[in-house]
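J.: My structure file query_31.tsv, TSV, C-alpha atoms and all ligand atoms, is below:
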```tsv
chain	number	residue	atom	x	y	z
K	1	MET	CA	3.83	8.24	4.80
K	2	GLU	CA	4.64	8.94	1.19
K	3	ARG	CA	2.79	9.21	-2.05
K	4	ASP	CA	4.79	8.95	-5.26
K	5	GLY	CA	7.91	9.78	-3.28
K	6	ARG	CA	6.31	12.93	-1.77
K	7	ALA	CA	5.35	13.19	1.89
K	8	ASP	CA	1.59	12.75	2.42
K	9	LEU	CA	1.21	15.61	4.88
K	10	LYS	CA	-2.27	14.86	6.16
K	11	SER	CA	-1.40	11.23	6.92
K	12	MET	CA	1.47	12.19	9.24
K	13	THR	CA	1.29	12.37	13.02
K	14	LEU	CA	2.44	15.57	14.71
K	15	PRO	CA	5.81	14.07	15.77
K	16	GLU	CA	6.36	12.77	12.22
K	17	LEU	CA	5.50	16.14	10.76
K	18	THR	CA	7.85	17.86	13.20
K	19	GLU	CA	10.67	15.53	12.15
K	20	TYR	CA	9.89	16.02	8.46
K	21	LEU	CA	9.92	19.81	8.69
K	22	LYS	CA	13.06	19.76	10.80
K	23	ASP	CA	14.85	18.00	7.95
K	24	LEU	CA	13.67	20.83	5.71
K	25	GLY	CA	15.09	23.39	8.12
K	26	GLU	CA	11.79	24.46	9.76
K	27	LYS	CA	11.20	24.97	13.49
K	28	PRO	CA	8.86	22.69	15.52
K	29	PHE	CA	6.20	25.40	15.95
K	30	ARG	CA	5.76	25.39	12.16
K	31	ALA	CA	4.74	21.74	12.37
K	32	ARG	CA	2.11	22.61	14.98
K	33	GLN	CA	0.78	25.42	12.78
K	34	LEU	CA	0.62	23.17	9.74
K	35	TYR	CA	-1.03	20.37	11.74
K	36	GLN	CA	-3.64	22.81	13.01
K	37	TRP	CA	-4.39	24.10	9.53
K	38	MET	CA	-4.93	20.56	8.33
K	39	HIS	CA	-6.76	18.91	11.23
K	40	VAL	CA	-8.50	21.75	13.07
K	41	LYS	CA	-9.09	24.56	10.59
K	42	LEU	CA	-9.59	21.96	7.86
K	43	ALA	CA	-7.81	23.95	5.15
K	44	ALA	CA	-8.67	22.83	1.64
K	45	SER	CA	-5.26	23.81	0.31
K	46	VAL	CA	-1.79	24.91	1.40
K	47	ASP	CA	-2.53	28.36	-0.03
K	48	GLU	CA	-5.04	29.00	2.75
K	49	MET	CA	-2.35	28.72	5.42
K	50	THR	CA	-1.68	32.41	5.67
K	51	ASN	CA	0.47	32.39	8.79
K	52	LEU	CA	3.08	30.22	7.05
K	53	SER	CA	5.62	32.09	4.98
K	54	ARG	CA	5.13	32.15	1.23
K	55	GLU	CA	8.42	30.27	0.79
K	56	MET	CA	7.29	27.50	3.11
K	57	ARG	CA	3.98	27.17	1.32
K	58	GLU	CA	5.70	27.00	-2.06
K	59	MET	CA	8.13	24.42	-0.74
K	60	LEU	CA	5.31	22.25	0.62
K	61	LYS	CA	3.40	22.48	-2.64
K	62	GLU	CA	6.46	21.38	-4.53
K	63	LYS	CA	7.77	18.69	-2.22
K	64	ALA	CA	4.70	17.28	-0.50
K	65	PHE	CA	1.26	15.85	-1.25
K	66	TYR	CA	-1.81	17.58	0.20
K	67	ALA	CA	-4.86	15.32	-0.01
K	68	SER	CA	-8.04	17.10	-0.99
K	69	LEU	CA	-11.30	15.88	-2.42
K	70	ASN	CA	-13.36	17.34	-5.18
K	71	PRO	CA	-17.12	16.91	-4.73
K	72	VAL	CA	-18.52	15.95	-8.13
K	73	ASP	CA	-22.05	15.30	-6.93
K	74	VAL	CA	-23.96	16.00	-3.72
K	75	ARG	CA	-27.44	14.60	-3.26
K	76	ILE	CA	-29.70	15.74	-0.48
K	77	SER	CA	-32.53	13.49	0.63
K	78	GLN	CA	-35.94	15.14	0.63
K	79	ILE	CA	-37.03	12.60	3.22
K	80	ASP	CA	-34.51	13.02	6.03
K	81	GLY	CA	-31.84	15.55	5.01
K	82	THR	CA	-29.21	12.84	4.52
K	83	ARG	CA	-26.49	14.04	2.16
K	84	LYS	CA	-24.61	11.74	-0.12
K	85	TYR	CA	-21.32	13.00	-1.50
K	86	LEU	CA	-19.49	11.67	-4.49
K	87	PHE	CA	-15.85	12.76	-4.21
K	88	GLU	CA	-13.18	12.62	-6.86
K	89	LEU	CA	-9.68	11.68	-5.72
K	90	GLU	CA	-6.42	13.01	-7.17
K	91	ASP	CA	-6.09	10.03	-9.50
K	92	GLY	CA	-9.61	10.39	-10.91
K	93	ASN	CA	-11.18	7.59	-8.87
K	94	VAL	CA	-14.47	8.41	-7.17
K	95	ILE	CA	-15.70	7.44	-3.69
K	96	GLU	CA	-18.88	7.97	-1.68
K	97	SER	CA	-19.43	9.39	1.77
K	98	VAL	CA	-22.71	10.00	3.56
K	99	LEU	CA	-23.75	12.57	6.15
K	100	MET	CA	-26.63	11.52	8.37
K	101	ARG	CA	-28.26	13.96	10.73
K	102	TYR	CA	-29.55	12.53	13.97
K	103	LYS	CA	-30.90	14.18	17.08
K	104	HIS	CA	-27.72	13.26	18.93
K	105	GLY	CA	-25.45	14.79	16.29
K	106	ASN	CA	-24.04	14.47	12.82
K	107	SER	CA	-22.66	11.17	11.68
K	108	VAL	CA	-20.47	10.63	8.63
K	109	CYS	CA	-20.16	7.25	6.95
K	110	ILE	CA	-16.86	6.99	5.09
K	111	SER	CA	-15.37	4.68	2.49
K	112	SER	CA	-12.14	2.86	3.34
K	113	GLN	CA	-11.27	1.56	-0.13
K	114	VAL	CA	-12.03	2.34	-3.76
K	115	GLY	CA	-14.23	-0.67	-4.51
K	116	CYS	CA	-13.93	-3.84	-2.42
K	117	ARG	CA	-12.78	-7.40	-2.93
K	118	MET	CA	-14.99	-9.15	-0.41
K	119	GLY	CA	-17.73	-9.99	-2.90
K	120	CYS	CA	-20.82	-9.86	-0.62
K	121	ARG	CA	-23.68	-10.79	-2.91
K	122	PHE	CA	-26.10	-7.97	-2.06
K	123	CYS	CA	-23.56	-5.15	-2.06
K	124	ALA	CA	-22.99	-2.71	-4.94
K	125	SER	CA	-19.51	-1.64	-3.78
K	126	THR	CA	-17.90	-4.94	-4.63
K	127	LEU	CA	-19.35	-5.56	-8.10
K	128	ASP	CA	-16.20	-4.33	-9.88
K	129	GLY	CA	-13.72	-5.60	-7.29
K	130	LEU	CA	-11.05	-3.63	-5.47
K	131	GLU	CA	-9.42	-0.67	-7.20
K	132	ARG	CA	-7.12	0.46	-4.39
K	133	ASN	CA	-6.84	1.22	-0.69
K	134	LEU	CA	-7.61	4.70	0.61
K	135	ARG	CA	-4.84	6.55	2.37
K	136	PRO	CA	-5.42	7.86	5.95
K	137	SER	CA	-5.50	11.39	4.54
K	138	GLU	CA	-8.20	10.42	2.06
K	139	MET	CA	-10.32	8.85	4.79
K	140	LEU	CA	-9.95	11.93	7.01
K	141	GLU	CA	-10.65	14.30	4.16
K	142	GLN	CA	-14.14	12.82	3.63
K	143	ILE	CA	-15.07	13.98	7.14
K	144	TYR	CA	-13.19	17.28	6.97
K	145	ARG	CA	-14.71	18.21	3.64
K	146	ILE	CA	-18.24	17.49	4.82
K	147	GLN	CA	-17.75	19.46	8.04
K	148	ARG	CA	-16.42	22.39	6.02
K	149	ASP	CA	-19.22	22.14	3.53
K	150	THR	CA	-22.02	22.15	6.09
K	151	GLY	CA	-20.36	24.26	8.78
K	152	GLU	CA	-21.73	21.73	11.29
K	153	ARG	CA	-19.59	19.67	13.63
K	154	VAL	CA	-19.31	15.99	12.86
K	155	SER	CA	-19.58	14.07	16.13
K	156	ASN	CA	-19.74	10.46	14.95
K	157	VAL	CA	-17.86	8.55	12.31
K	158	VAL	CA	-18.75	5.14	10.96
K	159	VAL	CA	-16.36	3.24	8.72
K	160	MET	CA	-19.20	1.52	6.98
K	161	GLY	CA	-19.04	2.84	3.44
K	162	SER	CA	-17.45	1.10	0.48
K	163	GLY	CA	-14.52	-1.17	1.24
K	164	GLU	CA	-13.45	-3.57	3.96
K	165	PRO	CA	-11.57	-1.57	6.60
K	166	MET	CA	-9.76	-4.64	7.97
K	167	ASP	CA	-8.41	-5.22	4.46
K	168	ASN	CA	-6.70	-1.81	4.72
K	169	TYR	CA	-5.58	-2.29	8.30
K	170	ASP	CA	-2.52	-0.07	8.74
K	171	ASN	CA	-4.17	2.90	7.07
K	172	LEU	CA	-7.31	2.36	9.13
K	173	LEU	CA	-5.34	2.44	12.35
K	174	ARG	CA	-3.46	5.58	11.43
K	175	PHE	CA	-6.73	7.19	10.38
K	176	ILE	CA	-8.30	6.44	13.77
K	177	HIS	CA	-5.32	7.87	15.64
K	178	LEU	CA	-5.36	11.08	13.60
K	179	LEU	CA	-9.14	11.49	13.79
K	180	THR	CA	-9.24	11.10	17.55
K	181	ASP	CA	-6.00	12.99	18.31
K	182	GLU	CA	-6.50	15.75	20.87
K	183	ASN	CA	-4.48	18.11	18.67
K	184	GLY	CA	-6.76	17.44	15.71
K	185	LEU	CA	-10.52	17.22	15.24
K	186	HIS	CA	-10.54	15.17	18.46
K	187	ILE	CA	-13.56	13.00	17.82
K	188	SER	CA	-14.07	10.66	20.75
K	189	GLN	CA	-12.99	7.07	20.05
K	190	ARG	CA	-16.29	5.98	21.53
K	191	ASN	CA	-18.04	7.79	18.69
K	192	VAL	CA	-16.17	5.85	16.02
K	193	THR	CA	-17.51	2.57	14.65
K	194	VAL	CA	-15.65	0.18	12.38
K	195	SER	CA	-17.71	-2.36	10.48
K	196	THR	CA	-16.15	-5.58	9.21
K	197	CYS	CA	-17.31	-8.62	7.28
K	198	GLY	CA	-15.36	-10.70	9.80
K	199	ILE	CA	-11.65	-11.18	9.06
K	200	VAL	CA	-10.73	-13.13	12.18
K	201	PRO	CA	-6.99	-12.42	12.60
K	202	ARG	CA	-7.56	-8.70	12.03
K	203	ILE	CA	-10.38	-8.53	14.60
K	204	ARG	CA	-8.06	-10.13	17.16
K	205	GLN	CA	-5.25	-7.76	16.25
K	206	PHE	CA	-7.65	-4.80	16.48
K	207	ALA	CA	-8.60	-5.92	19.99
K	208	GLU	CA	-4.95	-5.50	21.04
K	209	GLU	CA	-4.66	-1.89	19.89
K	210	ASN	CA	-5.92	-0.35	23.10
K	211	LEU	CA	-8.71	1.54	21.40
K	212	GLN	CA	-12.23	2.39	22.53
K	213	VAL	CA	-13.95	2.24	19.15
K	214	THR	CA	-17.09	0.22	18.52
K	215	LEU	CA	-16.80	-2.88	16.40
K	216	ALA	CA	-19.70	-3.83	14.14
K	217	LEU	CA	-19.81	-7.28	12.63
K	218	SER	CA	-21.67	-7.94	9.40
K	219	LEU	CA	-23.32	-11.18	10.39
K	220	HIS	CA	-26.27	-11.52	8.00
K	221	ALA	CA	-26.89	-15.19	8.73
K	222	PRO	CA	-27.27	-17.47	11.76
K	223	ASN	CA	-25.15	-20.30	10.33
K	224	ASP	CA	-22.24	-20.91	7.98
K	225	GLU	CA	-24.40	-22.48	5.30
K	226	VAL	CA	-26.61	-19.44	4.73
K	227	ARG	CA	-23.75	-17.04	5.36
K	228	LYS	CA	-21.71	-18.63	2.58
K	229	THR	CA	-24.48	-17.95	0.08
K	230	LEU	CA	-24.32	-14.22	0.91
K	231	MET	CA	-20.70	-13.62	1.86
K	232	PRO	CA	-17.71	-15.34	0.22
K	233	VAL	CA	-15.59	-14.43	3.27
K	234	ALA	CA	-17.59	-17.09	5.15
K	235	ASN	CA	-15.65	-19.71	3.16
K	236	SER	CA	-12.45	-18.52	4.82
K	237	PHE	CA	-13.65	-18.09	8.41
K	238	ALA	CA	-16.15	-20.19	10.32
K	239	LEU	CA	-18.86	-18.28	12.15
K	240	LYS	CA	-17.76	-19.79	15.45
K	241	ASP	CA	-14.27	-18.35	15.04
K	242	VAL	CA	-15.64	-14.97	13.96
K	243	LEU	CA	-17.84	-14.78	17.06
K	244	ASP	CA	-15.00	-15.94	19.31
K	245	ALA	CA	-12.90	-13.09	17.93
K	246	CYS	CA	-15.78	-10.65	18.58
K	247	HIS	CA	-16.08	-11.87	22.14
K	248	TYR	CA	-12.35	-11.41	22.54
K	249	TYR	CA	-12.76	-7.83	21.28
K	250	PHE	CA	-15.37	-7.22	23.97
K	251	GLU	CA	-13.18	-8.74	26.67
K	252	LYS	CA	-10.18	-6.67	25.72
K	253	THR	CA	-11.95	-3.34	25.19
K	254	GLY	CA	-15.15	-3.56	27.21
K	255	ARG	CA	-16.96	-2.21	24.17
K	256	ARG	CA	-20.29	-3.78	23.34
K	257	LEU	CA	-20.60	-5.03	19.78
K	258	THR	CA	-23.06	-4.34	17.02
K	259	PHE	CA	-24.22	-7.28	14.92
K	260	GLU	CA	-25.55	-6.18	11.56
K	261	TYR	CA	-28.10	-8.40	9.95
K	262	SER	CA	-29.47	-7.42	6.53
K	263	LEU	CA	-32.82	-9.09	6.02
K	264	VAL	CA	-33.24	-10.64	2.59
K	265	LYS	CA	-36.62	-12.03	1.66
K	266	GLY	CA	-36.69	-15.83	1.66
K	267	VAL	CA	-32.94	-16.10	2.34
K	268	ASN	CA	-32.35	-15.30	6.02
K	269	ASP	CA	-35.57	-13.86	7.39
K	270	ASN	CA	-37.74	-16.69	8.72
K	271	LEU	CA	-38.38	-17.48	12.36
K	272	ASP	CA	-36.19	-20.59	12.34
K	273	GLU	CA	-33.36	-18.28	11.45
K	274	ALA	CA	-34.35	-15.85	14.19
K	275	ARG	CA	-34.26	-18.76	16.63
K	276	ALA	CA	-30.83	-19.88	15.41
K	277	LEU	CA	-29.60	-16.30	15.64
K	278	ALA	CA	-30.78	-15.96	19.23
K	279	GLU	CA	-29.00	-19.22	20.06
K	280	LEU	CA	-25.83	-18.12	18.29
K	281	LEU	CA	-25.62	-14.80	20.13
K	282	LYS	CA	-26.14	-16.26	23.58
K	283	GLY	CA	-23.34	-14.96	25.79
K	284	GLN	CA	-22.33	-12.19	23.40
K	285	HIS	CA	-22.36	-8.58	24.59
K	286	GLY	CA	-23.99	-6.32	22.08
K	287	HIS	CA	-27.09	-5.68	20.07
K	288	VAL	CA	-28.51	-6.69	16.72
K	289	ASN	CA	-29.15	-4.10	14.06
K	290	LEU	CA	-31.64	-5.37	11.51
K	291	ILE	CA	-31.25	-3.75	8.10
K	292	PRO	CA	-33.95	-4.28	5.49
K	293	VAL	CA	-31.74	-5.14	2.49
K	294	ASN	CA	-31.47	-2.31	0.00
K	295	PRO	CA	-32.05	-4.01	-3.36
K	296	ILE	CA	-29.52	-3.33	-6.13
K	297	LYS	CA	-30.38	-3.73	-9.77
K	298	GLU	CA	-27.56	-6.20	-10.49
K	299	ARG	CA	-29.03	-8.84	-8.14
K	300	ASP	CA	-32.52	-10.07	-7.54
K	301	PHE	CA	-32.50	-9.99	-3.73
K	302	LYS	CA	-35.68	-8.59	-2.30
K	303	GLN	CA	-36.41	-6.75	0.90
K	304	SER	CA	-38.29	-8.74	3.53
K	305	ASP	CA	-41.80	-7.44	4.03
K	306	ARG	CA	-42.65	-5.31	7.05
K	307	LYS	CA	-44.48	-8.13	8.79
K	308	SER	CA	-41.54	-10.55	8.62
K	309	ILE	CA	-39.16	-7.83	9.80
K	310	GLU	CA	-41.42	-7.07	12.76
K	311	GLU	CA	-41.83	-10.75	13.64
K	312	PHE	CA	-38.11	-11.36	13.37
K	313	LYS	CA	-37.48	-8.43	15.66
K	314	GLN	CA	-40.10	-9.46	18.19
K	315	TYR	CA	-38.78	-12.99	18.31
K	316	LEU	CA	-35.28	-11.76	19.17
K	317	GLU	CA	-36.68	-9.39	21.78
K	318	LYS	CA	-38.58	-12.22	23.41
K	319	ARG	CA	-35.30	-14.06	23.71
K	320	GLY	CA	-33.80	-11.09	25.54
K	321	ILE	CA	-31.72	-9.78	22.68
K	322	ASN	CA	-31.32	-6.06	22.21
K	323	VAL	CA	-32.49	-5.29	18.70
K	324	THR	CA	-33.18	-2.28	16.54
K	325	VAL	CA	-34.39	-1.97	12.98
K	326	ARG	CA	-32.20	0.50	11.14
K	327	ARG	CA	-34.01	3.47	9.75
K	328	GLU	CA	-33.38	3.63	6.05
K	329	MET	CA	-31.65	6.93	5.51
K	330	GLY	CA	-31.57	8.55	2.09
K	331	ARG	CA	-33.54	5.86	0.31
K	332	ASP	CA	-34.39	8.42	-2.40
K	333	ILE	CA	-30.74	9.19	-3.20
K	334	ASP	CA	-29.14	5.83	-4.00
K	335	GLY	CA	-28.48	5.38	-0.28
K	336	ALA	CA	-27.08	1.84	-0.40
K	337	CYS	CA	-23.38	1.24	-0.19
K	338	GLY	CA	-21.70	1.90	-3.54
K	339	GLN	CA	-24.84	2.56	-5.57
K	340	LEU	CA	-24.21	6.21	-6.34
K	341	ARG	CA	-20.60	5.63	-7.34
K	342	LYS	CA	-21.63	2.77	-9.58
K	343	SER	CA	-24.33	4.76	-11.34
K	344	TYR	CA	-21.91	7.70	-11.76
K	345	ILE	CA	-19.20	5.50	-13.33
K	346	GLU	CA	-21.72	3.89	-15.65
K	347	LYS	CA	-22.96	7.30	-16.76
K	348	GLU	CA	-19.37	8.50	-17.39
K	349	ARG	CA	-18.62	5.43	-19.50
K	350	THR	CA	-21.53	5.94	-21.88
K	401	LIG	N1	-16.94	-4.18	4.58
K	401	LIG	C1	-17.52	-3.76	5.81
K	401	LIG	C2	-18.07	-2.36	5.80
K	401	LIG	C3	-18.83	-1.90	4.59
K	401	LIG	S1	-20.45	-2.52	4.31
K	401	LIG	C4	-18.55	-4.76	6.27
K	401	LIG	O1	-18.78	-5.74	5.58
K	401	LIG	O2	-19.09	-4.60	7.35
K	401	LIG	C5	-21.47	-1.83	5.57
K	401	LIG	C6	-22.69	-2.67	5.89
K	401	LIG	O3	-23.70	-2.54	4.88
K	401	LIG	C7	-22.38	-4.15	5.97
K	401	LIG	O4	-23.10	-4.72	7.03
K	401	LIG	C8	-22.90	-4.66	4.65
K	401	LIG	O5	-23.11	-6.02	4.69
K	401	LIG	C9	-24.14	-3.82	4.48
K	401	LIG	N2	-24.67	-3.71	3.12
K	401	LIG	C10	-24.01	-3.55	1.97
K	401	LIG	N3	-24.84	-3.47	0.92
K	401	LIG	C11	-26.10	-3.56	1.42
K	401	LIG	C12	-27.39	-3.54	0.85
K	401	LIG	N4	-27.56	-3.43	-0.47
K	401	LIG	N5	-28.44	-3.67	1.68
K	401	LIG	C13	-28.27	-3.79	3.02
K	401	LIG	N6	-27.07	-3.81	3.62
K	401	LIG	C14	-25.99	-3.71	2.83
```
Using structure tokens, write down the structure from this file.

T.:
Amino acid sequence: MERDGRADLKSMTLPELTEYLKDLGEKPFRARQLYQWMHVKLAASVDEMTNLSREMREMLKEKAFYASLNPVDVRISQIDGTRKYLFELEDGNVIESVLMRYKHGNSVCISSQVGCRMGCRFCASTLDGLERNLRPSEMLEQIYRIQRDTGERVSNVVVMGSGEPMDNYDNLLRFIHLLTDENGLHISQRNVTVSTCGIVPRIRQFAEENLQVTLALSLHAPNDEVRKTLMPVANSFALKDVLDACHYYFEKTGRRLTFEYSLVKGVNDNLDEARALAELLKGQHGHVNLIPVNPIKERDFKQSDRKSIEEFKQYLEKRGINVTVRREMGRDIDGACGQLRKSYIEKERT
């Protein structure tokens, strides 16, 4: 893995790092030390790696790229302690990551791209299109930096921030391998969730990777017609094919799926739609996560009222579907996908 012709150290596996250092005349145990500094001790810079010789550190600084993130804003929710980080990348781009504290542990929601090209109508991350993919090191660093910052172990990771992970597939895969590597932070694959808008060939490919991660599908509608009004990707893949691919993922991995359904007032929240949804999910293994849509100022979508949300939920339950309503975390701190980044960029521009 290279960046501008320099090795991207934190995106390399231990065998790759060993090979790389060997070519530079270093012994294999140096690779293990470096790997540990990066992925276990979570060093913010090469200078912190005090058991490496000064010459080796200087050489790495000169020849290699060490991904690190600069927090330019951290917002802490007064309601639930959720923390939203705005990180600056080396090239000046900014991305968001969120730390959510649950009883069962700390969960970090990371971005997989700078911006997004999927164009979902209710989402703030996609308003300015895709800027670029994030490197594996930049995805890891969001988690590492937050764990360092809080001093608390991160136990769960959700790839549910800005970007479409399946649109950055190779980097996503490498990221998962590094994150769950027993020589690194060693987060259990079962505690990693990848959320996708439904890119069928990628879901099928992902099913073949022999992983134990949870797949979440952004469904948001019970039929193609409504889905197309919310998600342009629905013009490329029919719902039937998306759900077939999800079922295939379950068959291959044994992992139950999560179906995300953002409720938008008057668009996808009536009981006919609940009925169609129950019908659609017959035979699928997983549960539905209802998300009251988080309104963004650029669009006039409104959140369904409490009563409709409750009725929608109860209807699904009656039909034997496992359903939860997602707690809105960090509502007071621009909690919705891409909102903080967007308001930061707009402020910088003026
Ligand atoms: N691209 C991936 C992951 C990022 S979006 C995907 O589509 O799944 C994470 C989830 O948040 C998706 O389900 C997305 O549809 C949803 N989402 C984005 N903006 C939202 C908003 N303003 N209100 C409610 N849900 C939103």

J.: Which residues are near ligand LIG 401 (chain K) - at most 8 Å, using only C-alpha atoms and all ligand atoms? Format: as number ranges by chain.

T.: K: 111, 116, 118, 120, 122-125, 159-166, 194-198, 216-220, 260-263, 291-296, 336-338

J.: Could you tell me which of K:Met49, K:Val264, K:Val108, K:Leu134 comes closest to Asp170 of chain K if we count only C-alpha atoms?

T.: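 Of the candidates, the smallest distance to Asp170 of chain K is held by K:Leu134.
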
J.: Quick one: residues within 9 Å of Gln212 of chain K, only C-alpha atoms counted, chain neighbours fewer than 2 positions away excluded, as a PDB file with C-alpha atoms, in the frame of the given file?

T.:
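What follows is the written file out.pdb:
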```pdb
ATOM      1  CA  SER K 188     -14.070  10.660  20.750  1.00  0.00           C
ATOM      2  CA  GLN K 189     -12.990   7.070  20.050  1.00  0.00           C
ATOM      3  CA  ARG K 190     -16.290   5.980  21.530  1.00  0.00           C
ATOM      4  CA  ASN K 191     -18.040   7.790  18.690  1.00  0.00           C
ATOM      5  CA  VAL K 192     -16.170   5.850  16.020  1.00  0.00           C
ATOM      6  CA  ASN K 210      -5.920  -0.350  23.100  1.00  0.00           C
ATOM      7  CA  THR K 214     -17.090   0.220  18.520  1.00  0.00           C
ATOM      8  CA  THR K 253     -11.950  -3.340  25.190  1.00  0.00           C
ATOM      9  CA  GLY K 254     -15.150  -3.560  27.210  1.00  0.00           C
ATOM     10  CA  ARG K 255     -16.960  -2.210  24.170  1.00  0.00           C
TER      11      ARG K 255
END
```

J.: Kindly list the centre and edge lengths in Å, rounded to one decimal, for the axis-aligned box that covers all listed atoms of segment 102-118 of chain K plus 6 Å on each of its six sides, as lines of an AutoDock Vina configuration file.

T.:
```
center_x = -21.1
center_y = 2.8
center_z = 7.2
size_x = 31.6
size_y = 35.9
size_z = 35.4
```

J.: Identify, on the basis of only C-alpha atoms, every residue whose closest approach to segment 26-39 of chain K does not exceed 12 Å; exclude the query and any residue fewer than 4 positions from it along the same chain; express the result as a PyMOL selection string.

T.: chain K and resi 8-22+43-53+55-57+59-60+66-68+137+140-141+143-145+147-148+175+177-187

J.: One decimal, in Å: what's the spacing between atom CA of Pro201 of chain K and atom CA of Phe237 of chain K?

T.: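 Taking atom CA of Pro201 of chain K and atom CA of Phe237 of chain K, their separation equals 9.7 Å.
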
J.: Hey, can you check how far atom CA of Ala207 of chain K sits from atom CA of Gln284 of chain K?

T.: 15.5 Å

J.: Which residue, K:His104, K:Arg135, K:Lys265, K:Lys228, has the smallest gap to Arg121 of chain K when you use only C-alpha atoms?

T.: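 Of K:His104, K:Arg135, K:Lys265, K:Lys228, the one nearest Arg121 of chain K is K:Lys228, counting only C-alpha atoms.
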
J.: For Arg75 of chain K, which residue out of K:Val98, K:Leu280, K:Val323, K:Ala245 is the nearest one, using only C-alpha atoms?

T.: K:Val98

J.: As a list of chain:residue names, please: the residues near Lys313 of chain K (cut-off 9 Å, all atoms listed in the file, same-chain neighbours under 4 positions excluded).

T.: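 Close residues of Lys313 of chain K: K:Ala274, K:Leu290, K:Ser308, K:Ile309, K:Glu317, K:Lys318, K:Val323, K:Thr324, K:Val325.
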
J.: Tell me, in Å to one decimal, how far atom CA of Gly92 of chain K is from atom CA of Ile333 of chain K.

T.: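 Value for the atom CA of Gly92 of chain K-atom CA of Ile333 of chain K distance: 22.5 Å.
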
J.: With only C-alpha atoms as the basis for distance, which of K:Leu243, K:Val288, K:Met139, K:Val233 is at the shortest distance from Phe259 of chain K?

T.: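 Under the stated criterion, the closest residue is K:Val288.
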
J.: Rank nothing, just name the residue among K:Asn93, K:Arg275, K:Ile79, K:Gln113 nearest to Gln314 of chain K, using only C-alpha atoms.

T.: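 The shortest atom-to-atom distance to Gln314 of chain K comes from K:Arg275.
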
J.: Please provide the set of residues having any atom within 9 Å of Glu273 of chain K, restricted to all atoms listed in the file, with same-chain residues fewer than 4 positions apart removed, written as a PyMOL selection string.

T.: chain K and resi 221-223+268-269+277-278+312

J.: So, counting only C-alpha atoms, which residue among K:Leu99, K:Ile203, K:Leu211, K:Ile345 is closest to Val157 of chain K?

T.: K:Leu99
